[in-house]
Amino acid sequence: MKLNSDLGEGYGKYKAGNEEEIMQYIDMANLACGFHAGDPLVMTNAVKEAKKNAISIGAHPGYQDLIGFGRRSIEHSPDELKAMLIYQIGALRALANAWDYDIDYVKPHGALYNDMMKSDEIYSLIIEAIGSYDKNLQLMVLSSSKNDNYKQIAHRYGIKLIYEAFADRAYSDDGFLISRKEKNSVFKDIDIVLQRVKELNEFGYIKSVSGKKLFLKVDSLCVHGDNTEALHITKSIRAYLDNAK
């Protein structure tokens with residue numbers, strides 16, 4: 001299992017968390033593309049830091065919602081949604097290329113990610129947008145019981161998937177993430193997070209809020225960069241994964 005984190009989420013004078021330190025412990029950095037967070041300089045510095053640590057970069061596009069940090073759904077026409085995605089992916093790639101680096105995958109952010117996982121129409125539009133831009137880019141999706149369905153749609157456009165699970169987020173019994181509006185939707189206790197990672201790595205399941213075992217195919221594990229304990233959690237997971245090899 002690779003370790004990923006949502007980063008590059010500063011804006012202007014606002015600096016988000018311990019991103020430089022976190023990049024030392026992850027394999028994949030999902031970098032904001034300017035719509036929910038990030039600006040040209042923040043994005044450039046994040047690219048440079050990722051290159052310095054030789055980690056894979058993914059575009060992390062979201063709805064155009066700086067005030068809401070991309071966590072509010074915004075309705076778009078199909079053409080608007082596809083153009084919005086290509087615009088953000090292309091912006092990050094341009095900055096990466098300027099530093100002789102490149103992006104490898106796409107992971108939608110926040111409300112767009114949730115909408116993608118709940119709507120085959122939005123999911124298909126995202127796949128179509130990526131395919132029209134660069135079929136070599138993979139798409140990161142929430143691993144669930146619908147993996148085969150996601151794979152079939154992606155295959156039609158020649159896109160490969162990266163299946164993801166969340167170490168620091170609570171799951172419902174149907175395999176989706178609990179809303180951040182709910183109490184205890186984000187885990188900050190390192191012991192709890194590590195136990196979840198161990199169960200996933202050793203037994204292939206993650207437990208829902210009710211204790212139900214959700215068996216998941218997982219290529220990459222996410223720790224949110226805006227979690228107040230992100231650095232400590234990431235370091236602990238990295239140490240565990242390295243020792244478990």
# chains A, B, ... in the order shown; residues from 1 in each chain; ligands from 1
>>> residues_around(residues="Tyr25 (chain A)", least_positions_apart="4", cutoff="10 Å", atoms="only C-alpha atoms", output="list in words")
Leu3, Asn4, Ser5, Glu20, Glu21, Asn53, Ile55, Leu231, Thr234, Lys235, Ser236, Ile237, Arg238 and Ala239 of chain A
>>> select_by_dssp(residues="region 18-236 of chain A", states="strand (DSSP E or B)", output="ChimeraX atom specification")
/A:28-32,56-60,105-106,138-142,161-166,169,171,177,186,205-207,213-215,220-224
>>> residues_around(residues="region 90-99 of chain A", least_positions_apart="4", cutoff="7 Å", atoms="only C-alpha atoms", output="PyMOL selection string")
chain A and resi 33+44+47+59+86+103
>>> atom_distance(atom1="CA of Ile126 (chain A)", atom2="CA of Asp39 (chain A)")
22.4 Å
>>> closest_atom_pairs(of="region 121-160 of chain A", to="region 215-226 of chain A", cutoff="8 Å", atoms="only C-alpha atoms", output="CSV")
residue,atom,partner,partner_atom,distance
A:Ser143,CA,A:Leu216,CA,6.1
A:Ser144,CA,A:Leu216,CA,6.2
A:Ser145,CA,A:Leu216,CA,7.6
>>> write_last_selection(atoms="C-alpha atoms", output="PDB file, in the first residue's frame")
ATOM      1  CA  SER A 143     -12.483   1.666  -3.035  1.00  0.00           C
ATOM      2  CA  SER A 144     -15.894   0.097  -2.455  1.00  0.00           C
ATOM      3  CA  SER A 145     -18.234  -2.700  -3.474  1.00  0.00           C
TER       4      SER A 145
END
>>> closest_residue(among="A:Tyr101, A:Tyr14, A:Phe203, A:Tyr113", to="Met140 (chain A)", atoms="only C-alpha atoms")
A:Tyr113
>>> residues_around(residues="Asp191 (chain A)", least_positions_apart="2", cutoff="12 Å", atoms="only C-alpha atoms", output="PyMOL selection string")
chain A and resi 167-168+187-189+193-198+229+232-233+236-237+240
>>> closest_residue(among="A:Tyr87, A:Lys160, A:Ala50, A:Leu112", to="Glu75 (chain A)", atoms="only C-alpha atoms")
A:Leu112
>>> select_by_dssp(residues="region 58-94 of chain A", states="helix (DSSP H, G or I)", output="ChimeraX atom specification")
/A:78-94
>>> decode(residues="region 119-147 of chain A", atoms="N, CA and C atoms", output="compact mmCIF listing (two decimals), in the first residue's frame")
# COMPACT_ATOMS: atom_id res chain seq x y z
N SER A 119 -22.44 9.44 -8.05
CA SER A 119 -23.14 9.63 -9.32
C SER A 119 -22.33 9.04 -10.47
N ASP A 120 -22.88 8.02 -11.13
CA ASP A 120 -22.21 7.44 -12.30
C ASP A 120 -22.06 8.48 -13.41
N GLU A 121 -23.00 9.41 -13.49
CA GLU A 121 -22.92 10.45 -14.53
C GLU A 121 -21.71 11.35 -14.31
N ILE A 122 -21.52 11.83 -13.08
CA ILE A 122 -20.38 12.69 -12.79
C ILE A 122 -19.08 11.91 -12.90
N TYR A 123 -19.09 10.68 -12.41
CA TYR A 123 -17.90 9.82 -12.53
C TYR A 123 -17.52 9.65 -14.00
N SER A 124 -18.49 9.38 -14.85
CA SER A 124 -18.23 9.17 -16.28
C SER A 124 -17.71 10.44 -16.93
N LEU A 125 -18.23 11.61 -16.53
CA LEU A 125 -17.75 12.87 -17.08
C LEU A 125 -16.30 13.13 -16.69
N ILE A 126 -15.95 12.78 -15.47
CA ILE A 126 -14.56 12.95 -15.02
C ILE A 126 -13.64 12.02 -15.80
N ILE A 127 -14.06 10.77 -15.97
CA ILE A 127 -13.29 9.82 -16.77
C ILE A 127 -13.12 10.33 -18.21
N GLU A 128 -14.21 10.84 -18.76
CA GLU A 128 -14.19 11.34 -20.14
C GLU A 128 -13.24 12.53 -20.27
N ALA A 129 -13.27 13.42 -19.28
CA ALA A 129 -12.40 14.60 -19.31
C ALA A 129 -10.93 14.19 -19.27
N ILE A 130 -10.60 13.27 -18.38
CA ILE A 130 -9.21 12.80 -18.28
C ILE A 130 -8.79 12.12 -19.58
N GLY A 131 -9.66 11.27 -20.11
CA GLY A 131 -9.35 10.55 -21.34
C GLY A 131 -9.13 11.47 -22.52
N SER A 132 -9.87 12.58 -22.57
CA SER A 132 -9.72 13.51 -23.68
C SER A 132 -8.43 14.32 -23.56
N TYR A 133 -7.90 14.41 -22.33
CA TYR A 133 -6.68 15.19 -22.09
C TYR A 133 -5.43 14.31 -22.19
N ASP A 134 -5.42 13.20 -21.43
CA ASP A 134 -4.25 12.31 -21.43
C ASP A 134 -4.66 10.96 -20.84
N LYS A 135 -4.74 9.96 -21.70
CA LYS A 135 -5.15 8.62 -21.26
C LYS A 135 -4.12 7.95 -20.36
N ASN A 136 -2.93 8.50 -20.26
CA ASN A 136 -1.91 7.91 -19.39
C ASN A 136 -2.11 8.31 -17.92
N LEU A 137 -2.96 9.30 -17.68
CA LEU A 137 -3.24 9.70 -16.31
C LEU A 137 -4.24 8.72 -15.69
N GLN A 138 -3.96 8.28 -14.48
CA GLN A 138 -4.87 7.39 -13.78
C GLN A 138 -5.83 8.22 -12.92
N LEU A 139 -6.92 7.61 -12.51
CA LEU A 139 -7.90 8.27 -11.64
C LEU A 139 -7.95 7.54 -10.30
N MET A 140 -7.83 8.30 -9.22
CA MET A 140 -7.93 7.73 -7.87
C MET A 140 -9.38 7.80 -7.41
N VAL A 141 -9.91 6.65 -6.99
CA VAL A 141 -11.31 6.57 -6.55
C VAL A 141 -11.40 5.88 -5.19
N LEU A 142 -12.52 6.10 -4.52
CA LEU A 142 -12.77 5.44 -3.24
C LEU A 142 -13.05 3.96 -3.47
N SER A 143 -12.25 3.10 -2.89
CA SER A 143 -12.48 1.67 -3.04
C SER A 143 -13.79 1.28 -2.33
N SER A 144 -14.60 0.49 -3.02
CA SER A 144 -15.89 0.10 -2.45
C SER A 144 -16.40 -1.16 -3.15
N SER A 145 -17.62 -1.53 -2.84
CA SER A 145 -18.23 -2.70 -3.47
C SER A 145 -18.57 -2.43 -4.94
N LYS A 146 -18.44 -1.17 -5.37
CA LYS A 146 -18.75 -0.80 -6.75
C LYS A 146 -17.51 -0.75 -7.64
N ASN A 147 -16.40 -1.31 -7.17
CA ASN A 147 -15.14 -1.23 -7.92
C ASN A 147 -15.27 -1.76 -9.35
